[in-house]
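J.: Here it is, the structure in full.
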Amino acid sequence: MKPEQFLFGCAYYDEYMPSSRIDEDYKLMKDAHMNVIRIAESTWSTWEQNEGEFDFTSLINMLDKAREYGLSVIIGTPTYAFPSWLSDMCPEVLTETSTGRALYGHRQLIDITNETYRKYAERVLRKMLDIIKPYNDIIIGYQLDNETRSGGAMGKDIQKVFAQRMKETFNGDLDAFNLEFGMDYWSNKVPSWEAFPDVKGTINGSLRAEYKAFLRDIISEFHAWLKNIIDDYRTPSQFITHNFDYSWLGYSFGMQPEVNQAQAAVSCDIAGVDIYHLTQESLTGAEIAMGGSIGRSLKKDNYLVLETEAQGRPSWTPFPGQLTLQALSHLSSGAGSVMYWHWHSIHNSYETYWKGILSHNLKPNKPYFELAKFGEFMKEHGNDISYLKKTCNVAILLDNRSLTGIDEFPLNGEEAFKGDPEFDYNHMMRRWFDACYKMNIETDFVYAKDDFSHHKLLIVPALYSASEATVKKLREFVKKGGHLILTPKSLFSNEHLKVYHDDQPHGFTDLAGATYDQFTNPVDVGFTGSLELTGKASGIMEFYSPLPTEKATVLCSYDHPYWGEYAAVLRNGTVTTVGCILDEHDTATVVADALCNAGISIPDASFPIIVKKGVNKQGQKVTFILNYSMDASEYVITDDCKDLITGESHSSGDKVLLPPWGYKIALT
Amino acid sequence: MKPEQFLFGCAYYDEYMPSSRIDEDYKLMKDAHMNVIRIAESTWSTWEQNEGEFDFTSLINMLDKAREYGLSVIIGTPTYAFPSWLSDMCPEVLTETSTGRALYGHRQLIDITNETYRKYAERVLRKMLDIIKPYNDIIIGYQLDNETRSGGAMGKDIQKVFAQRMKETFNGDLDAFNLEFGMDYWSNKVPSWEAFPDVKGTINGSLRAEYKAFLRDIISEFHAWLKNIIDDYRTPSQFITHNFDYSWLGYSFGMQPEVNQAQAAVSCDIAGVDIYHLTQESLTGAEIAMGGSIGRSLKKDNYLVLETEAQGRPSWTPFPGQLTLQALSHLSSGAGSVMYWHWHSIHNSYETYWKGILSHNLKPNKPYFELAKFGEFMKEHGNDISYLKKTCNVAILLDNRSLTGIDEFPLNGEEAFKGDPEFDYNHMMRRWFDACYKMNIETDFVYAKDDFSHHKLLIVPALYSASEATVKKLREFVKKGGHLILTPKSLFSNEHLKVYHDDQPHGFTDLAGATYDQFTNPVDVGFTGSLELTGKASGIMEFYSPLPTEKATVLCSYDHPYWGEYAAVLRNGTVTTVGCILDEHDTATVVADALCNAGISIPDASFPIIVKKGVNKQGQKVTFILNYSMDASEYVITDDCKDLITGESHSSGDKVLLPPWGYKIALT
Amino acid sequence: MKPEQFLFGCAYYDEYMPSSRIDEDYKLMKDAHMNVIRIAESTWSTWEQNEGEFDFTSLINMLDKAREYGLSVIIGTPTYAFPSWLSDMCPEVLTETSTGRALYGHRQLIDITNETYRKYAERVLRKMLDIIKPYNDIIIGYQLDNETRSGGAMGKDIQKVFAQRMKETFNGDLDAFNLEFGMDYWSNKVPSWEAFPDVKGTINGSLRAEYKAFLRDIISEFHAWLKNIIDDYRTPSQFITHNFDYSWLGYSFGMQPEVNQAQAAVSCDIAGVDIYHLTQESLTGAEIAMGGSIGRSLKKDNYLVLETEAQGRPSWTPFPGQLTLQALSHLSSGAGSVMYWHWHSIHNSYETYWKGILSHNLKPNKPYFELAKFGEFMKEHGNDISYLKKTCNVAILLDNRSLTGIDEFPLNGEEAFKGDPEFDYNHMMRRWFDACYKMNIETDFVYAKDDFSHHKLLIVPALYSASEATVKKLREFVKKGGHLILTPKSLFSNEHLKVYHDDQPHGFTDLAGATYDQFTNPVDVGFTGSLELTGKASGIMEFYSPLPTEKATVLCSYDHPYWGEYAAVLRNGTVTTVGCILDEHDTATVVADALCNAGISIPDASFPIIVKKGVNKQGQKVTFILNYSMDASEYVITDDCKDLITGESHSSGDKVLLPPWGYKIALT
């Protein structure tokens with residue numbers, strides 16, 4: 001049920017074209033050694049322009065020709081955008097939030113729990129699945145929806161479902177609910193399950209966060225619902241996937257707040273990801289590595305890159321060589337495919353300036369020719385360097401409830417959503433990920449539910465929300481010898497963002513060997529101590545003091561007339577505890593110290609030279625040496641190896657010169 | 001009916017606790033020599049979770065135990081937050097503004113004129129007052145509501161009341177109303193009192209300001225309504241108060257725009273205030289002094305500090321010693337209490353990171369121990385240094401209509417609310433207050449209605465709105481020898497913000513000895529003249545020219561190729577007129593000049609040493625010398641005195657060294 | 001039907017006055033040699049305070065006295081602001097946008113297609129026109145509405161009209177419409193003309209832009225409707241005008257986006273304009289020249305300045321001499337009038353701080369005296385220097401659909417309205433206009449529909465939207481020898497903002513001698529090449545390469561390791577093509593190069609000395625030499641001439657010294 005061949009291709013939209021030119025386009029793809037297209041999502045109004053009037057001509061054309069040109073096809077469900085006649089018929093299809101009912105137009109403003117939506121979505125989907133059955137020879141898989149969202153739906157109907165869930169969670173005990181969520185505050189006590197107040201205006205961060213968690217859950221359920229429908233049609237060899245995406249800062253940046261991806265991926269045979277990133281001077285490979293690690297984390301397996309940029313936004317126009325370097329970056333993280341969004345640039349609407357491989361004139365251009373050359377290379381070497389298996393000593397713990405927790409209760413103590421973006425969950429998490437990335441320590445991402453006992457070092461960034469079960473699991477990890485870095489704001493509240501009312505960090509003071517009951521926002525505060533921290537504390541300073549009953553070593557204290565008595569970083573056995581946000585250098589220093597403590601060696605090479613490793617199907621160790629730089633960079637070979645392309649042998653200690661944005665792939 | 005004992009305590013919320021622990025908490029309070037708690041406001045949904053179902057168990061527990069531990073109690077009315085069943089039953093309870101009907105959740109989004117709200121609020125209040133009657137021995141007073149607001153209510157019903165008020169104000173003369181408010185402009189003429197247009201969208205600044213004044217008035221009426229209910233229950237020894245708060249810049253900054261506090265305080269026996277301020281390096285005492293002066297202004301008497309911060313926001317975590325310095329700062333302004341918001345940090349909802357005395361672990365911590373020490377000190381000295389009577393030579397005139405006026409007609413001439421915050425009313429007012437504060441000139445605040453004839457110098461900041469009666473009163477003050485500083489934008493419009501159509505400043509050109517009919521926003525304009533102004537004009541330059549008929553002295557002119565002919569500062573007899581906004585140094589220079597002219601001597605010591613004086617019940621002069629600095633500061637004793645704590649005698653000329661954030665209290 | 005006399009006056013509002021003082025005001029006007037007032041617009045609620053109750057007393061008074069004092073009158077239609085009883089009666093009168101129904105209060109929030117509005121507007125207008133008939137001797141003209149707007153109306157009724165227009169445009173071919181607008185994208189395909197979806201929420205930039213074009217069209221129709229009504233009343237000698245205004249950056253900045261002015265001016269006999277600009281150190285004359293050129297462009301004739309500032313906003317208070325310099329600046333652009341908004345400052349409401357000639361005290365002041373002196377001068381010389389005819393070698397092509405296009409598809413490729421304002425259409429256009437202005441090259445503005453064959457050089461700024469017909473017209477201009485500067489983003493999409501899917505610039509690659517299919521946003525990119533460009537590329541870089549089949553000369557390339565192979569500026573015969581946004585210096589360098597190529601000589605004098613020329617009714621050449629500077633500036637006479645005021649003769653080569661903000665007017 002999973003793809004095994006390297007997939008190289010793009011999304012294709014015959015229906016967006018100024019005029020149909022399938023033959024011309026497919027021929028260009030084949031010439032570039034592409035072997036797969038992704039079609040049919042977001043096209044409901046094309047298949048069903050008026051209610052009940054179906055026309056799949058364009059789809060059939062695309063499939064007929066795909067067979068002719070030997071292209072495999074991934075079929076998307078046409079569910080994430082919907083025709084205007086549907087919301088004309090039933091306005092409740094559109095999400096309602098605290099700012100009112102959404103206006104028709106944008107995608108993913110659907111209440112995906114709405115019954116009318118479900119009814120008509122199922123009808124068009126089944127019609128389509130029925131009609132494409134004859135193409136099972138070329139259809140290799142299905143994509144559930146597209147970057148699924150709940151649209152922040154807070155209408156009456158869906159809120160009833162939420163109230164019911166709360167009732168179930170608390171076994172009908174309203175007092176317990178009111179106490180757990182602190183509803184007495186400002187007279188917000190819930191009178192009864194039946195009169196559960198509209199949460200649109202709530203000032204209760206725990207409740208709002210719980211609602212967001214609920215919205216994440218319904219996405220997983222929606223995926224399961226779609227999967228069940230597809231299961232009625234698909235053959236055993238056809239896989240199901242979904243294109244998971246990331247938090248967005250104009251590019252893929254961190255964990256997606258609106259989806260519980262590991263849960264939503266249960267309905268997939270293989271995870272897919274959409275990764276967009278800066279290029280030109282700003283191409284670092286970090287977002288590709290982060291997105292890849294998250295991709296691997298979802299099914300603990302390889303993943304497909306279902307979307308990434310060819311040209312993309314105007315500022316992303318790639319330098320020569322970058323498209324190749326980017327594709328190899330994906331593969332070195334364990335990807336099984338590189339698929340571009342999208343084949344051709346669009347001539348109207350929202351993404352006119354999110355360019356595809358072809359520019360608006362639809363002719364072969366520089367990106368096309370570079371990709372064609374890469375396609376030729378992959379035709380020969382695809383099996384050697386795709387679907388690589390990876391083993392990492394270090395894992396970073398991700399948690400969606402903690403992300404929401406930091407949004408609701410930002411470090412500066414302001415009300416929800418007024419925090420400094422520099423100190424949101426993903427920015428704090430990225431400091432640790434990036435530090436590892438730049439020193440060539442490859443990392444896995446794990447979730448509290450996972451087994452992470454085989455990792456040597458676990459980094460726990462901003463785990464604001466930690467259930468008792470999670471605390472217990474972390475304790476066990478440490479007790480069995482695992483190394484752990486505990487960072488600020490961790491273990492502060494439970495799964496409902498109720499702050500623990502005993503000593504912080506909750507349930508961990510003995511392992512940390514320290515505790516605190518005060519904190520502040522630092523202003524120009526540096527460090528003293530044995531660990532050479534050169535920067536300033538930022539975001540928050542937790543006033544840690546070692547417990548007299550433990551033997552914690554204070555690695556660093558604050559350089560401050562009053563706060564100097566508190567520890568900034570301390571180590572107790574295998575646990576390193578950090579009380580403030582550190583800058584890039586200092587984060588790396590703490591990571592290096594913990595790695596050293598955990599017996600993990602740190603490579604000599606560091607960014608802009610990035611080294612990523614995996615094992616291919618033939619059992620060969622594949623090492624990618626990637627140069628993310630405008631300048632040529634020298635790299636010293638660490639193990640005897642053979643160059644994949646030239647076949648040349650290198651011995652440990654050999655120096656090789658990588659051209660700007662260049663690479664070397666070594667086999668051992 | 002007024003408290004006489006020094007009150008030391010905090011707000012307490014049994015109902016917010018993760019589990020009830022009244023005994024433990026009260027014991028800690030007693031150990032810290034606290035003697036009062038404030039309870040019961042914002043708890044409606046706790047007392048009446050469903051309509052008509054009352055349960056005051058938690059309240060009774062708190063009172064029973066308070067008697068046991070010897071704590072006095074101030075009871076708040078549970079009216080500023082309301083249960084969701086009330087707005088479910090009657091959505092009109094929620095305020096409607098130009099952006100629509102408020103969503104349930106936040107506090108103070110109530111239309112306090114709504115009849116349904118009043119009906120149910122009265123019922124729960126009377127139930128509560130009835131039930132707590134047996135505790136009259138420990139209940140020392142009541143607090144009306146909490147930082148009362150109108151929520152900007154602009155629904156249909158309340159607007160009808162407004163139209164009726166307008167009709168009364170103008171004795172039914174619609175033409176007079178239309179003329180006074182300039183309603184012909186852009187075809188906005190009101191057709192009839194019955195068809196008074198919705199003011200939500202008005203572009204008429206006078207009308208919007210009048211509506212805001214109306215909203216202030218209904219707060220005063222609401223207070224009177226609450227007082228009348230309480231009067232049915234209270235004993236003669238129980239006082240009524242209210243916790244008045246300030247304009248908010250992340251901390252208490254200036255006059256509260258939404259409440260006519262002096263009017264709303266008519267229903268109180270003693271005024272209460274909520275003062276929050278920056279701490280750490282930013283602790284200056286200025287906000288405490290300003291808030292205290294406003295507190296004194298409301299009843300021309302002492303006041304209670306009902307809320308101030310212990311730890312508060314993360315960035316406010318106090319340095320050692322600051323909590324003590326802050327408490328003394330309040331007392332030195334004439335406070336009768338220091339009460340913290342709040343006892344314990346909250347584990348859920350909106351103010352989780354507005355920490356109380358105890359941190360989230362609910363154990364004694366550094367702030368608790370410092371306050372306990374302060375409590376011990378006050379147990380001995382409380383009567384000597386609380387409820388001090390103060391006499392100030394200088395007064396600053398405050399005016400709410402002028403504040404709104406500057407909001408509606410900002411200095412840059414842009415439409416409402418697009419002004420530069422640096423030049424809003426409170427910022428302009430604070431320049432004068434702060435100048436006095438830093439040179440150790442203590443000031444009173446007065447209102448136009450007050451008798452301020454006993455002050456030697458009256459500072460009039462930005463009195464944009466001045467009725468003919470006010471102008472007359474200011475004239476009389478000057479004519480009787482009073483000194484006055486008239487600042488920019490003063491006496492420009494009448495009480496309805498209709499600009500006066502004669503020479504500016506209206507009705508004062510003879511006393512100012514000057515007039516202007518043009519002004520501009522200065523760009524890099526300095527000064528020339530006898531008064532040594534070193535900065536630049538900002539905000540506005542009024543083009544003052546001396547009247548040939550008067551003998552005004554131009555103290556400063558503008559340094560500008562074209563505007564050089566105009567006066568920036570001039571003096572005519574006892575009136576100093578300032579035509580532009582001055583920087584901190586230049587404001588102080590003008591104040592010093594006026595003080596000198598008025599025969600008021602300026603102390604040698606200045607900020608960070610702050611000296612504040614008062615007379616205690618025993619008739620002793622108490623002098624607080626407060627060091628708002630990270631560094632020790634030397635102070636030269638000016639009068640023979642005795643140290644309150646050590647009993648040590650000091651002679652004039654003695655030098656004493658105050659430690660960082662330290663203080664000395666001297667008796668003479 | 002057109003005015004011939006120089007008109008000097010102001011807008012006058014008896015109804016806004018704190019008390020009526022027509023005699024006093026008219027006398028002051030006459031003393032200042034004013035000869036015209038503009039009255040009656042925005043006064044509907046004064047004429048008809050309640051539905052059907054008419055009272056024109058104030059209007060009659062103003063007219064009676066105008067006759068007495070010999071003032072001519074321009075009558076505005078009272079239609080752009082409306083009484084509250086109208087929207088109380090029919091809420092649909094108020095515009096509805098994506099943020100909801102407008103609230104009553106502000107002007108121009110009317111759906112001008114609403115039938116109820118039209119019915120009552122026509123009634124009050126006909127009543128008024130009827131009543132003022134006896135004053136035809138003094139009424140010289142009418143003004144249609146005032147700065148007419150559509151208020152962004154998107155209610156149901158008006159959207160039906162829009163759908164009908166679309167159906168007509170596409171001859172009922174729905175498939176053609178869906179294809180042209182790319183409606184398949186994100187499932188937005190229109191099901192039927194009858195079920196045309198609400199465009200309020202559309203994400204289709206082409207469709208939103210089309211709706212904006214439709215809103216511009218209804219303004220033209222509304223003007224025609226008003227004109228037809230006035231035609232029933234006016235005498236042959238009475239003209240119709242309208243006060244067109246500009247895009248607004250706190251002052252008049254560029255082409256008005258919301259009105260198709262050339263089309264709306266069809267209903268006028270003479271165009272009128274409202275020009276507001278910075279003064280003091282920031283007075284450059286550029287906005288006056290730009291506004292004047294647009295004024296001339298509308299009817300290809302002289303124009304009236306119906307509104308300009310006397311004092312205006314606080315920051316605009318003029319330096320001595322500036323009012324005179326400004327008035328002459330208008331005349332030198334071909335104006336037939338200078339009329340101020342407004343006579344007196346207002347004492348209430350929205351524009352209290354948009355001061356008129358008189359300040360709030362309503363007495364003669366410095367501006368009045370300066371204007372009175374100017375009036376005296378114009379009494380003598382008015383006929384010599386007003387209604388000048390101008391001939392420009394250079395024209396700049398303006399296009400409203402391109403302006404919307406750049407708004408919808410900004411250079412950074414972000415979604416609509418998130419572009420950098422520095423790179424919006426008007427800012428890009430102004431770079432070219434300002435470059436010409438500062439080197440004393442006077443320019444006309446032209447539209448695609450115009451005949452511009454007589455111009456030597458056509459500058460085409462950001463013509464993002466160009467129909468095939470427009471492309472053809474530009475081709476013909478070049479083929480007949482015309483010189484043309486083609487700037488970035490030009491000829492990129494058709495009239496419906498559908499990007500052309502052949503080589504860029506569409507239909508012009510042969511004439512440009514170059515093409516591109518990639519572009520990016522430049523980061524720190526300079527130039528190399530024969531043209532001396534000293535700055536950096538900004539906004540966008542189009543990757544131009546010369547066509548091998550043409551003989552284009554690359555004047556400048558990018559200084560960049562990868563983009564260095566592309567041309568920034570190239571010339572092919574008479575066409576100069578520019579691929580990026582240039583700074584002020586570099587824009588001027590390209591203009592100078594093109595002028596040189598076109599055989600147009602560049603004057604020696606440049607800003608702050610501005611030279612503007614025209615021919616008066618007597619056939620004399622009038623040259624204005626204007627000094628926009630705080631410093632005196634020397635000017636070298638270029639042609640033998642006579643000073644208009646002194647009668648003094650000057651020979652070519654003579655040096656004259658212009659005082660700060662001074663001027664000289666020369667006749668030849």
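Residues are named by chain letter and number: chains run A, B, ... in the order of the structure tokens, numbers start at 1 in each chain, and ligands are numbered from 1 in the order shown.
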Residues of chain C within 6 Å of chain B, using only C-alpha atoms, as a list in words?

T.: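 For chain C, the answer reads Ser42, Thr43, Trp44, Ser45, Gln49, Asn50, Ala81, Phe82, Pro83, Leu103, Tyr104, Gly105, His106, Arg313, Pro314, Ser315, Thr317, His347, Asn348, Ser349, Tyr350, Tyr353, Ser359, His360 and Asn361 of chain C.
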
J.: Show me, as a list in words, the residues that have an atom within 6 Å of segment 2-14 of chain C when counting only C-alpha atoms, minus same-chain residues fewer than 6 positions from it.

T.: Met34, Asn35, Val36, Ile37, Arg38, Ile39, Phe239, Gly336, Ser337, Val338, Met339, Tyr340, Trp341, His342, Trp343 and Gly382 of chain C

J.: Skipping near chain neighbours, those fewer than 4 positions away, what residues fall within 8 Å of Ser490 of chain A using only C-alpha atoms, listed as an MDAnalysis selection string?

T.: chainID A and resid 460:466 486 505

J.: Return as a PyMOL selection string the full set of residues in segment 244-421 of chain C whose backbone-based DSSP assignment is strand (DSSP E or B).

T.: chain C and resi 244+247-248+252-254+271-275+303-309+312+335-341+344+355+358+389+394-398

J.: Keeping only N, CA, C and O atoms, write those residues as a short mmCIF file (atom, residue, chain, number, x, y, z; two decimals), in the first residue's frame.

T.:
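So part.cif came out as:
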data_model
loop_
_atom_site.label_atom_id
_atom_site.label_comp_id
_atom_site.auth_asym_id
_atom_site.auth_seq_id
_atom_site.Cartn_x
_atom_site.Cartn_y
_atom_site.Cartn_z
N PHE C 244 -13.23 67.14 -9.18
CA PHE C 244 -12.51 65.86 -9.15
C PHE C 244 -11.35 65.94 -8.15
O PHE C 244 -10.66 66.95 -8.08
N SER C 247 -6.00 60.60 -5.50
CA SER C 247 -5.66 59.62 -4.47
C SER C 247 -5.03 60.38 -3.32
O SER C 247 -4.41 61.43 -3.52
N TRP C 248 -5.16 59.87 -2.15
CA TRP C 248 -4.93 60.64 -0.94
C TRP C 248 -3.90 60.01 -0.03
O TRP C 248 -4.05 58.87 0.39
N SER C 252 -3.13 65.43 -1.86
CA SER C 252 -3.40 64.93 -3.21
C SER C 252 -2.13 64.31 -3.76
O SER C 252 -1.11 64.98 -3.86
N PHE C 253 -2.21 63.03 -4.14
CA PHE C 253 -0.95 62.38 -4.52
C PHE C 253 -0.93 61.83 -5.95
O PHE C 253 0.06 61.94 -6.65
N GLY C 254 -2.01 61.19 -6.37
CA GLY C 254 -1.96 60.57 -7.70
C GLY C 254 -3.35 60.41 -8.28
O GLY C 254 -4.32 61.02 -7.82
N ALA C 271 -13.83 70.82 -16.50
CA ALA C 271 -13.44 70.01 -15.34
C ALA C 271 -13.04 70.91 -14.18
O ALA C 271 -12.51 72.00 -14.39
N GLY C 272 -13.33 70.47 -13.00
CA GLY C 272 -12.87 71.15 -11.80
C GLY C 272 -12.01 70.19 -10.98
O GLY C 272 -12.15 68.97 -11.12
N VAL C 273 -11.12 70.72 -10.18
CA VAL C 273 -10.27 69.85 -9.36
C VAL C 273 -10.15 70.39 -7.94
O VAL C 273 -10.32 71.58 -7.70
N ASP C 274 -9.89 69.46 -7.02
CA ASP C 274 -9.59 69.79 -5.63
C ASP C 274 -8.15 69.37 -5.37
O ASP C 274 -7.83 68.18 -5.45
N ILE C 275 -7.30 70.33 -5.09
CA ILE C 275 -5.88 70.01 -4.88
C ILE C 275 -5.45 70.47 -3.50
O ILE C 275 -5.54 71.65 -3.17
N TYR C 303 -9.12 74.13 -16.81
CA TYR C 303 -9.89 73.53 -15.70
C TYR C 303 -10.00 74.56 -14.59
O TYR C 303 -9.28 75.55 -14.55
N LEU C 304 -10.95 74.29 -13.70
CA LEU C 304 -11.13 75.15 -12.54
C LEU C 304 -10.51 74.51 -11.30
O LEU C 304 -10.65 73.31 -11.10
N VAL C 305 -9.83 75.31 -10.49
CA VAL C 305 -9.45 74.84 -9.16
C VAL C 305 -10.61 75.20 -8.23
O VAL C 305 -10.81 76.36 -7.88
N LEU C 306 -11.43 74.21 -7.92
CA LEU C 306 -12.63 74.47 -7.12
C LEU C 306 -12.34 74.44 -5.63
O LEU C 306 -13.04 75.04 -4.84
N GLU C 307 -11.33 73.68 -5.27
CA GLU C 307 -10.93 73.66 -3.86
C GLU C 307 -9.41 73.59 -3.79
O GLU C 307 -8.77 72.76 -4.45
N THR C 308 -8.86 74.45 -2.98
CA THR C 308 -7.49 74.26 -2.53
C THR C 308 -7.40 74.90 -1.17
O THR C 308 -8.33 75.61 -0.73
N GLU C 309 -6.30 74.64 -0.48
CA GLU C 309 -6.24 75.07 0.92
C GLU C 309 -5.84 76.53 1.07
O GLU C 309 -5.02 77.03 0.29
N GLY C 312 -5.89 75.20 5.91
CA GLY C 312 -5.99 73.75 5.95
C GLY C 312 -5.61 73.14 7.28
O GLY C 312 -5.90 73.70 8.34
N ALA C 335 -5.00 76.70 -15.00
CA ALA C 335 -6.25 76.85 -14.25
C ALA C 335 -6.95 78.15 -14.63
O ALA C 335 -6.32 79.13 -15.02
N GLY C 336 -8.29 78.14 -14.50
CA GLY C 336 -9.08 79.34 -14.74
C GLY C 336 -9.59 79.95 -13.45
O GLY C 336 -10.25 80.98 -13.47
N SER C 337 -9.32 79.27 -12.35
CA SER C 337 -9.81 79.78 -11.07
C SER C 337 -8.88 79.36 -9.94
O SER C 337 -8.14 78.38 -10.07
N VAL C 338 -8.96 80.09 -8.86
CA VAL C 338 -8.39 79.63 -7.60
C VAL C 338 -9.46 79.86 -6.55
O VAL C 338 -9.82 81.01 -6.24
N MET C 339 -10.02 78.76 -6.05
CA MET C 339 -11.08 78.86 -5.04
C MET C 339 -10.67 78.06 -3.81
O MET C 339 -10.23 76.93 -3.92
N TYR C 340 -10.86 78.68 -2.69
CA TYR C 340 -10.39 78.07 -1.45
C TYR C 340 -11.49 77.29 -0.75
O TYR C 340 -12.66 77.67 -0.78
N TRP C 341 -11.05 76.18 -0.14
CA TRP C 341 -11.94 75.51 0.79
C TRP C 341 -11.36 75.78 2.15
O TRP C 341 -10.32 75.22 2.50
N HIS C 344 -14.41 80.22 5.94
CA HIS C 344 -14.21 80.33 7.39
C HIS C 344 -13.91 78.96 7.99
O HIS C 344 -14.36 77.94 7.50
N LYS C 355 -8.66 74.34 8.44
CA LYS C 355 -9.03 75.74 8.52
C LYS C 355 -9.19 76.40 7.15
O LYS C 355 -8.54 76.02 6.17
N LEU C 358 -10.35 82.47 6.88
CA LEU C 358 -10.46 83.04 8.23
C LEU C 358 -10.25 81.95 9.28
O LEU C 358 -10.64 80.81 9.08
N LYS C 389 -3.14 78.26 -22.43
CA LYS C 389 -3.06 77.04 -23.24
C LYS C 389 -1.64 76.51 -23.19
O LYS C 389 -0.69 77.28 -23.28
N VAL C 394 5.88 65.82 -23.91
CA VAL C 394 5.92 64.54 -23.20
C VAL C 394 4.56 64.24 -22.60
O VAL C 394 3.90 65.14 -22.06
N ALA C 395 4.14 63.00 -22.73
CA ALA C 395 2.89 62.58 -22.09
C ALA C 395 3.13 61.34 -21.25
O ALA C 395 4.02 60.54 -21.55
N ILE C 396 2.33 61.23 -20.20
CA ILE C 396 2.38 60.03 -19.34
C ILE C 396 1.02 59.35 -19.45
O ILE C 396 -0.01 60.00 -19.32
N LEU C 397 1.05 58.05 -19.70
CA LEU C 397 -0.20 57.30 -19.90
C LEU C 397 -0.74 56.85 -18.54
O LEU C 397 -0.06 56.14 -17.80
N LEU C 398 -1.96 57.24 -18.24
CA LEU C 398 -2.62 56.84 -16.98
C LEU C 398 -3.65 55.76 -17.25
O LEU C 398 -4.34 55.80 -18.29
#

J.: Using only C-alpha atoms, find the one residue out of C:Leu667, C:Lys212, C:Lys438, C:Gly662 that sits nearest to Ser649 of chain C.

T.: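 Nearest to Ser649 of chain C: C:Leu667.
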
J.: Compile the contact shell of Ile158 of chain A as JSON, numbers by chain: residues with an atom at most 10 Å away, counting only C-alpha atoms, same-chain residues fewer than 6 positions apart removed.

T.: {"A": [95, 96, 111, 112, 113, 114, 164, 215, 218]}

J.: Run DSSP on the backbone and tell me which residues of segment 64-156 of chain C come out as alpha helix (DSSP H); list them as JSON, numbers by chain.

T.: {"C": [64, 65, 66, 67, 68, 69, 84, 85, 86, 87, 88, 89, 115, 116, 117, 118, 119, 120, 121, 122, 123, 124, 125, 126, 127, 128, 129, 130, 131, 156]}

J.: Please identify all polymer residues within 8 Å of segment 286-291 of chain B, counting only C-alpha atoms, omitting same-chain residues fewer than 3 positions from it, and present them as a PyMOL selection string.

T.: chain B and resi 246+252-254+273+275-277+294-295+326+329-330+333+433-434+437

J.: I'd like the interatomic distance between atom CA of Cys596 of chain A and atom CA of His483 of chain A, to a tenth of an Å.

T.: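 For atom CA of Cys596 of chain A relative to atom CA of His483 of chain A, the distance reads 10.6 Å.
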
J.: Do a neighbour search on Asn302 of chain C at 6 Å with only C-alpha atoms, toss out local chain neighbours closer than 2 positions, and write the hits as an mmCIF file with C-alpha atoms, in the first residue's frame.

T.:
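Dumped everything to selection.cif:
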data_model
loop_
_atom_site.group_PDB
_atom_site.id
_atom_site.type_symbol
_atom_site.label_atom_id
_atom_site.label_comp_id
_atom_site.auth_asym_id
_atom_site.auth_seq_id
_atom_site.Cartn_x
_atom_site.Cartn_y
_atom_site.Cartn_z
ATOM 1 C CA ARG C 296 -6.240 69.452 -18.246
ATOM 2 C CA GLY C 334 -3.710 76.265 -17.030
ATOM 3 C CA ALA C 335 -6.247 76.855 -14.249
ATOM 4 C CA TYR C 387 -6.855 79.922 -18.813
#
